[in-house]
>>> print(open('target.cif').read())   # mmCIF, C-alpha atoms and all ligand atoms
data_entry
#
loop_
_atom_site.label_atom_id
_atom_site.label_comp_id
_atom_site.auth_asym_id
_atom_site.auth_seq_id
_atom_site.Cartn_x
_atom_site.Cartn_y
_atom_site.Cartn_z
CA MET A 1 -69.40 58.39 -48.49
CA THR A 2 -67.21 55.93 -50.35
CA GLN A 3 -68.42 52.35 -50.02
CA PRO A 4 -66.00 49.42 -49.66
CA ILE A 5 -65.77 47.15 -52.68
CA ALA A 6 -65.57 43.38 -52.18
CA ALA A 7 -65.22 41.79 -55.65
CA ALA A 8 -62.80 42.68 -58.45
CA LEU A 9 -63.72 46.04 -59.88
CA ASN A 10 -62.76 46.54 -63.49
CA VAL A 11 -63.47 50.10 -64.59
CA VAL A 12 -63.22 51.65 -68.06
CA MET A 13 -63.37 55.43 -68.37
CA LEU A 14 -64.70 56.83 -71.64
CA GLY A 15 -65.04 60.41 -72.81
CA PRO A 16 -63.43 62.90 -75.20
CA PRO A 17 -60.05 64.55 -74.57
CA GLY A 18 -60.47 67.07 -71.75
CA ALA A 19 -63.50 65.32 -70.20
CA GLY A 20 -61.53 64.71 -66.99
CA LYS A 21 -60.94 60.97 -67.45
CA GLY A 22 -57.36 61.11 -66.19
CA THR A 23 -58.13 63.14 -63.07
CA GLN A 24 -61.19 61.10 -62.18
CA ALA A 25 -59.49 57.78 -62.91
CA GLU A 26 -56.62 58.82 -60.65
CA ARG A 27 -58.95 59.78 -57.81
CA PHE A 28 -61.12 56.68 -58.08
CA ALA A 29 -58.10 54.37 -58.29
CA ARG A 30 -56.46 55.99 -55.27
CA THR A 31 -59.62 55.87 -53.14
CA HIS A 32 -60.24 52.20 -53.91
CA GLY A 33 -56.61 51.02 -53.94
CA LEU A 34 -56.68 49.98 -57.60
CA PRO A 35 -54.03 50.50 -60.27
CA LYS A 36 -54.82 53.24 -62.77
CA ILE A 37 -53.75 52.17 -66.23
CA SER A 38 -53.49 55.11 -68.59
CA THR A 39 -52.35 54.20 -72.10
CA GLY A 40 -51.53 57.88 -72.79
CA ASP A 41 -49.23 57.94 -69.71
CA ILE A 42 -47.59 54.66 -70.77
CA LEU A 43 -46.91 56.07 -74.24
CA ARG A 44 -45.70 59.46 -72.93
CA GLU A 45 -43.28 57.69 -70.57
CA ALA A 46 -42.01 55.60 -73.50
CA VAL A 47 -41.43 58.82 -75.48
CA THR A 48 -39.63 60.49 -72.54
CA THR A 49 -37.38 57.48 -71.92
CA ASP A 50 -36.84 57.09 -75.68
CA THR A 51 -37.71 53.38 -75.91
CA GLU A 52 -38.47 51.65 -79.21
CA LEU A 53 -42.20 52.03 -78.48
CA GLY A 54 -41.73 55.73 -77.71
CA ARG A 55 -39.82 56.35 -80.93
CA ALA A 56 -42.51 54.51 -82.94
CA ALA A 57 -45.45 56.29 -81.23
CA ARG A 58 -44.13 59.84 -81.02
CA ALA A 59 -45.12 61.14 -84.48
CA THR A 60 -48.59 59.60 -84.24
CA MET A 61 -49.19 61.20 -80.84
CA ASP A 62 -47.91 64.58 -82.06
CA ARG A 63 -50.40 64.42 -84.94
CA GLY A 64 -53.26 63.60 -82.55
CA THR A 65 -54.09 60.34 -84.32
CA LEU A 66 -54.20 56.84 -82.83
CA VAL A 67 -51.38 54.37 -82.33
CA GLY A 68 -52.14 51.00 -84.01
CA ASP A 69 -54.61 48.63 -82.37
CA ASP A 70 -52.21 45.67 -82.26
CA VAL A 71 -49.59 47.68 -80.38
CA MET A 72 -52.12 49.06 -77.89
CA ILE A 73 -53.83 45.70 -77.32
CA GLY A 74 -50.39 44.16 -76.70
CA ILE A 75 -49.48 46.84 -74.14
CA VAL A 76 -52.75 46.52 -72.22
CA GLY A 77 -52.74 42.71 -72.42
CA GLU A 78 -49.30 42.61 -70.81
CA ARG A 79 -50.23 45.18 -68.17
CA LEU A 80 -53.36 43.23 -67.17
CA GLU A 81 -51.21 40.16 -66.51
CA ARG A 82 -49.51 41.90 -63.59
CA PRO A 83 -50.79 40.71 -60.18
CA ASP A 84 -51.76 44.21 -58.99
CA THR A 85 -54.75 44.04 -61.35
CA HIS A 86 -56.33 40.97 -59.70
CA ARG A 87 -58.61 43.09 -57.48
CA GLY A 88 -59.47 45.20 -60.49
CA PHE A 89 -58.16 48.28 -62.31
CA VAL A 90 -59.16 51.63 -63.76
CA LEU A 91 -58.47 51.96 -67.48
CA ASP A 92 -58.02 55.49 -68.81
CA GLY A 93 -57.63 56.01 -72.58
CA PHE A 94 -58.25 52.40 -73.58
CA PRO A 95 -60.21 51.13 -75.44
CA ARG A 96 -60.33 53.81 -78.13
CA THR A 97 -61.62 51.76 -81.07
CA VAL A 98 -64.22 49.02 -81.46
CA GLU A 99 -61.38 46.63 -82.22
CA GLN A 100 -59.70 47.47 -78.90
CA ALA A 101 -63.03 47.11 -77.06
CA THR A 102 -63.57 43.68 -78.60
CA ALA A 103 -60.03 42.66 -77.61
CA LEU A 104 -60.60 43.89 -74.05
CA ASP A 105 -63.64 41.61 -73.72
CA ARG A 106 -61.39 38.75 -74.83
CA LEU A 107 -58.71 39.74 -72.31
CA MET A 108 -61.35 39.87 -69.56
CA GLY A 109 -62.43 36.24 -70.01
CA GLY A 110 -63.32 35.03 -66.50
CA ARG A 111 -62.15 38.18 -64.68
CA GLY A 112 -65.60 39.65 -64.03
CA ALA A 113 -67.63 42.41 -65.64
CA LEU A 114 -66.39 45.75 -66.89
CA VAL A 115 -68.00 48.83 -65.37
CA VAL A 116 -67.95 51.44 -68.13
CA VAL A 117 -68.33 55.15 -67.34
CA ASP A 118 -68.81 57.68 -70.14
CA ILE A 119 -68.06 61.28 -69.06
CA ILE A 120 -70.02 63.82 -71.10
CA VAL A 121 -68.81 67.42 -71.54
CA PRO A 122 -69.84 69.98 -74.23
CA GLU A 123 -67.25 70.68 -76.92
CA ASP A 124 -66.75 74.40 -76.13
CA VAL A 125 -65.92 73.47 -72.52
CA LEU A 126 -63.46 70.79 -73.71
CA LEU A 127 -61.65 73.33 -75.90
CA ARG A 128 -61.38 75.81 -73.01
CA ARG A 129 -60.12 73.15 -70.60
CA LEU A 130 -57.51 71.76 -72.99
CA ALA A 131 -56.17 75.25 -73.73
CA ALA A 132 -55.62 75.78 -69.98
CA ARG A 133 -54.34 72.27 -69.13
CA ARG A 134 -50.83 71.84 -67.71
CA ILE A 135 -49.05 68.64 -66.82
CA CYS A 136 -45.85 67.92 -64.91
CA GLY A 137 -42.89 67.69 -67.29
CA SER A 138 -41.21 65.16 -64.95
CA CYS A 139 -43.86 62.77 -63.62
CA GLY A 140 -46.61 63.54 -66.15
CA VAL A 141 -49.55 64.06 -63.75
CA ASN A 142 -52.25 66.58 -64.61
CA ALA A 143 -51.66 69.80 -62.68
CA LEU A 144 -54.20 70.72 -60.02
CA VAL A 145 -55.55 74.29 -60.06
CA GLU A 146 -53.61 75.24 -56.92
CA TRP A 147 -50.28 74.30 -58.52
CA THR A 148 -48.95 77.35 -60.35
CA THR A 149 -45.50 76.60 -61.76
CA THR A 150 -44.35 73.39 -60.08
CA CYS A 151 -45.80 69.91 -59.54
CA GLY A 152 -47.25 69.19 -56.08
CA ASN A 153 -46.20 65.53 -56.43
CA CYS A 154 -42.54 65.73 -57.42
CA GLY A 155 -41.62 69.42 -57.74
CA GLY A 156 -41.17 69.12 -61.52
CA GLU A 157 -41.91 72.03 -63.84
CA LEU A 158 -45.46 72.34 -65.21
CA VAL A 159 -45.65 72.32 -69.00
CA THR A 160 -48.26 72.25 -71.77
CA ARG A 161 -48.78 68.84 -73.37
CA THR A 162 -47.29 68.86 -76.87
CA ASP A 163 -50.64 67.61 -78.26
CA ASP A 164 -52.76 70.27 -76.47
CA GLY A 165 -52.18 72.96 -79.15
CA LEU A 166 -55.42 74.07 -80.84
CA ASP A 167 -54.84 72.39 -84.23
CA ILE A 168 -53.90 69.07 -82.65
CA VAL A 169 -56.80 69.29 -80.20
CA ARG A 170 -59.22 69.74 -83.12
CA GLU A 171 -57.71 66.66 -84.77
CA ARG A 172 -57.98 64.66 -81.55
CA LEU A 173 -61.65 65.60 -81.21
CA LYS A 174 -62.27 64.53 -84.83
CA VAL A 175 -60.51 61.23 -84.16
CA TYR A 176 -62.60 60.82 -81.01
CA HIS A 177 -65.89 61.26 -82.90
CA ARG A 178 -64.81 59.04 -85.79
CA GLN A 179 -63.07 56.17 -83.96
CA THR A 180 -63.84 56.27 -80.24
CA LYS A 181 -67.47 57.45 -79.98
CA PRO A 182 -68.70 54.21 -81.67
CA ILE A 183 -67.59 52.26 -78.61
CA VAL A 184 -70.27 54.02 -76.58
CA ASP A 185 -72.78 52.07 -78.70
CA PHE A 186 -70.67 48.95 -78.19
CA TYR A 187 -71.12 49.23 -74.39
CA SER A 188 -74.33 51.17 -73.87
CA GLY A 189 -76.66 48.15 -73.78
CA ARG A 190 -74.81 46.59 -70.86
CA PRO A 191 -76.26 46.81 -67.33
CA THR A 192 -72.91 48.11 -66.03
CA PHE A 193 -72.72 51.09 -68.44
CA ARG A 194 -73.18 54.54 -66.87
CA THR A 195 -73.02 58.12 -68.16
CA ILE A 196 -71.83 61.00 -65.99
CA ASP A 197 -72.28 64.75 -66.50
CA GLY A 198 -68.66 65.95 -66.48
CA ASN A 199 -69.53 69.64 -66.87
CA GLN A 200 -69.39 70.45 -63.16
CA PRO A 201 -66.71 70.96 -60.52
CA PRO A 202 -64.27 68.01 -60.26
CA ASP A 203 -65.31 67.08 -56.70
CA GLN A 204 -68.93 66.73 -57.77
CA VAL A 205 -67.93 64.56 -60.72
CA THR A 206 -65.85 62.42 -58.35
CA ALA A 207 -68.81 61.90 -56.01
CA LEU A 208 -71.18 61.05 -58.88
CA MET A 209 -68.68 58.64 -60.38
CA ASP A 210 -68.06 56.88 -57.12
CA LYS A 211 -71.77 56.35 -56.61
CA ALA A 212 -72.40 55.22 -60.19
CA ILE A 213 -69.49 52.77 -60.24
CA CYS A 214 -70.31 51.22 -56.87
CA GLN A 215 -73.93 50.83 -57.91
CA ALA A 216 -73.01 49.33 -61.28
CA SER A 217 -70.56 46.92 -59.68
CA ALA A 218 -73.30 45.76 -57.30
CA VAL A 219 -75.48 45.04 -60.37
CA SER A 220 -72.74 42.87 -61.84
CA ARG A 221 -72.14 41.02 -58.54
CA ASN A 222 -75.81 40.23 -58.19
CA GLY A 223 -75.63 37.82 -61.08
CA VAL A 224 -76.94 39.84 -64.02
CA ARG A 225 -75.67 38.17 -67.17
CA LEU A 226 -73.58 40.54 -69.30
P1 LIG A 301 -54.33 60.51 -73.94
O1 LIG A 301 -53.34 60.90 -72.89
O2 LIG A 301 -55.23 59.38 -73.49
O3 LIG A 301 -55.08 61.68 -74.50
O4 LIG A 301 -53.46 59.90 -75.15
C1 LIG A 301 -52.49 60.68 -75.84
C2 LIG A 301 -52.23 60.07 -77.20
O5 LIG A 301 -51.70 58.74 -77.04
C3 LIG A 301 -53.45 59.89 -78.10
O6 LIG A 301 -53.78 61.06 -78.81
C4 LIG A 301 -52.98 58.77 -79.02
O7 LIG A 301 -52.09 59.23 -80.00
C5 LIG A 301 -52.20 57.87 -78.06
N1 LIG A 301 -53.07 56.85 -77.41
C6 LIG A 301 -53.38 56.74 -76.09
N2 LIG A 301 -54.17 55.69 -75.87
C7 LIG A 301 -54.39 55.11 -77.07
C8 LIG A 301 -55.16 53.98 -77.50
N3 LIG A 301 -55.87 53.24 -76.64
N4 LIG A 301 -55.16 53.69 -78.82
C9 LIG A 301 -54.43 54.41 -79.70
N5 LIG A 301 -53.71 55.49 -79.37
C10 LIG A 301 -53.67 55.84 -78.06
#
>>> encode(input="target.cif", output="structure tokens")
Amino acid sequence: MTQPIAAALNVVMLGPPGAGKGTQAERFARTHGLPKISTGDILREAVTTDTELGRAARATMDRGTLVGDDVMIGIVGERLERPDTHRGFVLDGFPRTVEQATALDRLMGGRGALVVVDIIVPEDVLLRRLAARRICGSCGVNALVEWTTTCGNCGGELVTRTDDGLDIVRERLKVYHRQTKPIVDFYSGRPTFRTIDGNQPPDQVTALMDKAICQASAVSRNGVRL
């Protein structure tokens, strides 16, 4: 059973590509009425609409490497200023470097604790999932298993992400281990850090996540110093 949440709930989802961060962030955000902020979605939309940001980020994304920290910190800083984040948010895909994590702490000044969830999935499972993954070419959501050729949200055509090809996926996993995994150490000593076994059916992961986040947010509300 989902429990109601009283205070601001600021959630960060960690995990390698294919761990299910996007799907789980979407579900948690919807259930709790929070905005999901996915930096990958923001960048993909910028590429699709051909903005200056999109033109600058496209080649980096196609290589599977990371867009610069200053750009990403700027994007998230601006997004967190919008009023819909005052009750909290679910961040998916940010932070991805220790520098971004340090900046996020700065941005959080006075807004309450971060609940950080690290989703763990073995590498062979990640590779299988990414090879099978489809997204909507129009609205960008991850396709659910029951959608075959068209998006259940907007009717758009389902396509493979341009960075889900095997060579790019291998690069993204390397980048994850080199640049993103160190932020697990950055957060793991905090009382609001949780790990989740992501190698199980999505509904079970959703239930585990909900429980872990609600429990961690209670820890932070009960006055534990972070
Ligand atoms: P994602 O959808 O989270 O897998 O992100 C897709 C791509 O967008 C990544 O491979 C990066 O090139 C870029 N990207 C997304 N979020 C970030 C971030 N926080 N820092 C740097 N690059 C990012």
>>> axis_aligned_box(input="target.cif", around="region 36-48 of chain A", padding_each_side="3 Å", output="AutoDock Vina command-line options")
--center_x -47.2 --center_y 56.3 --center_z -69.1 --size_x 21.2 --size_y 14.3 --size_z 18.7
>>> residues_near_ligand(input="target.cif", ligand="ligand LIG 301 (chain A)", cutoff="8 Å", atoms="all atoms listed in the file", output="number ranges by chain")
A: 17, 22, 38-41, 43-44, 57, 60-69, 72-73, 92-97, 100, 163, 172
>>> residues_near_point(input="target.cif", point="(-71.6, 56.8, -78.3)", cutoff="12 Å", atoms="all atoms listed in the file", output="NGL selection string")
:A and (14-16 or 96-98 or 117-120 or 176-189 or 193-195)
>>> residues_around(input="target.cif", residues="Leu130 (chain A)", least_positions_apart="5", cutoff="9 Å", atoms="all atoms listed in the file", output="list of chain:residue names")
A:Pro17, A:Gly18, A:Val125, A:Asp164, A:Gly165, A:Leu166, A:Val169
>>> atom_distance(input="target.cif", atom1="CA of Met108 (chain A)", atom2="CA of Ala216 (chain A)")
17.1 Å
>>> residues_around(input="target.cif", residues="Val219 (chain A)", least_positions_apart="5", cutoff="12 Å", atoms="all atoms listed in the file", output="number ranges by chain")
A: 7, 9, 112-115, 190-194, 212-214, 224-226
>>> write_last_selection(input="target.cif", atoms="C-alpha atoms", output="compact mmCIF listing (two decimals), in the frame of the given file")
# COMPACT_ATOMS: atom_id res chain seq x y z
CA ALA A 7 -65.22 41.79 -55.65
CA LEU A 9 -63.72 46.04 -59.88
CA GLY A 112 -65.60 39.65 -64.03
CA ALA A 113 -67.63 42.41 -65.64
CA LEU A 114 -66.39 45.75 -66.89
CA VAL A 115 -68.00 48.83 -65.37
CA ARG A 190 -74.81 46.59 -70.86
CA PRO A 191 -76.26 46.81 -67.33
CA THR A 192 -72.91 48.11 -66.03
CA PHE A 193 -72.72 51.09 -68.44
CA ARG A 194 -73.18 54.54 -66.87
CA ALA A 212 -72.40 55.22 -60.19
CA ILE A 213 -69.49 52.77 -60.24
CA CYS A 214 -70.31 51.22 -56.87
CA VAL A 224 -76.94 39.84 -64.02
CA ARG A 225 -75.67 38.17 -67.17
CA LEU A 226 -73.58 40.54 -69.30
>>> atom_distance(input="target.cif", atom1="CA of Arg161 (chain A)", atom2="CA of Arg58 (chain A)")
12.7 Å
>>> residues_around(input="target.cif", residues="region 77-81 of chain A", least_positions_apart="6", cutoff="10 Å", atoms="all atoms listed in the file", output="ChimeraX atom specification")
/A:37,71,88-89,103-104,106-108
>>> atom_distance(input="target.cif", atom1="CA of Val121 (chain A)", atom2="CA of Val90 (chain A)")
20.1 Å
>>> closest_residue(input="target.cif", among="A:Lys174, A:Arg134, A:Arg27, A:Lys36", to="Val11 (chain A)", atoms="only C-alpha atoms")
A:Lys36
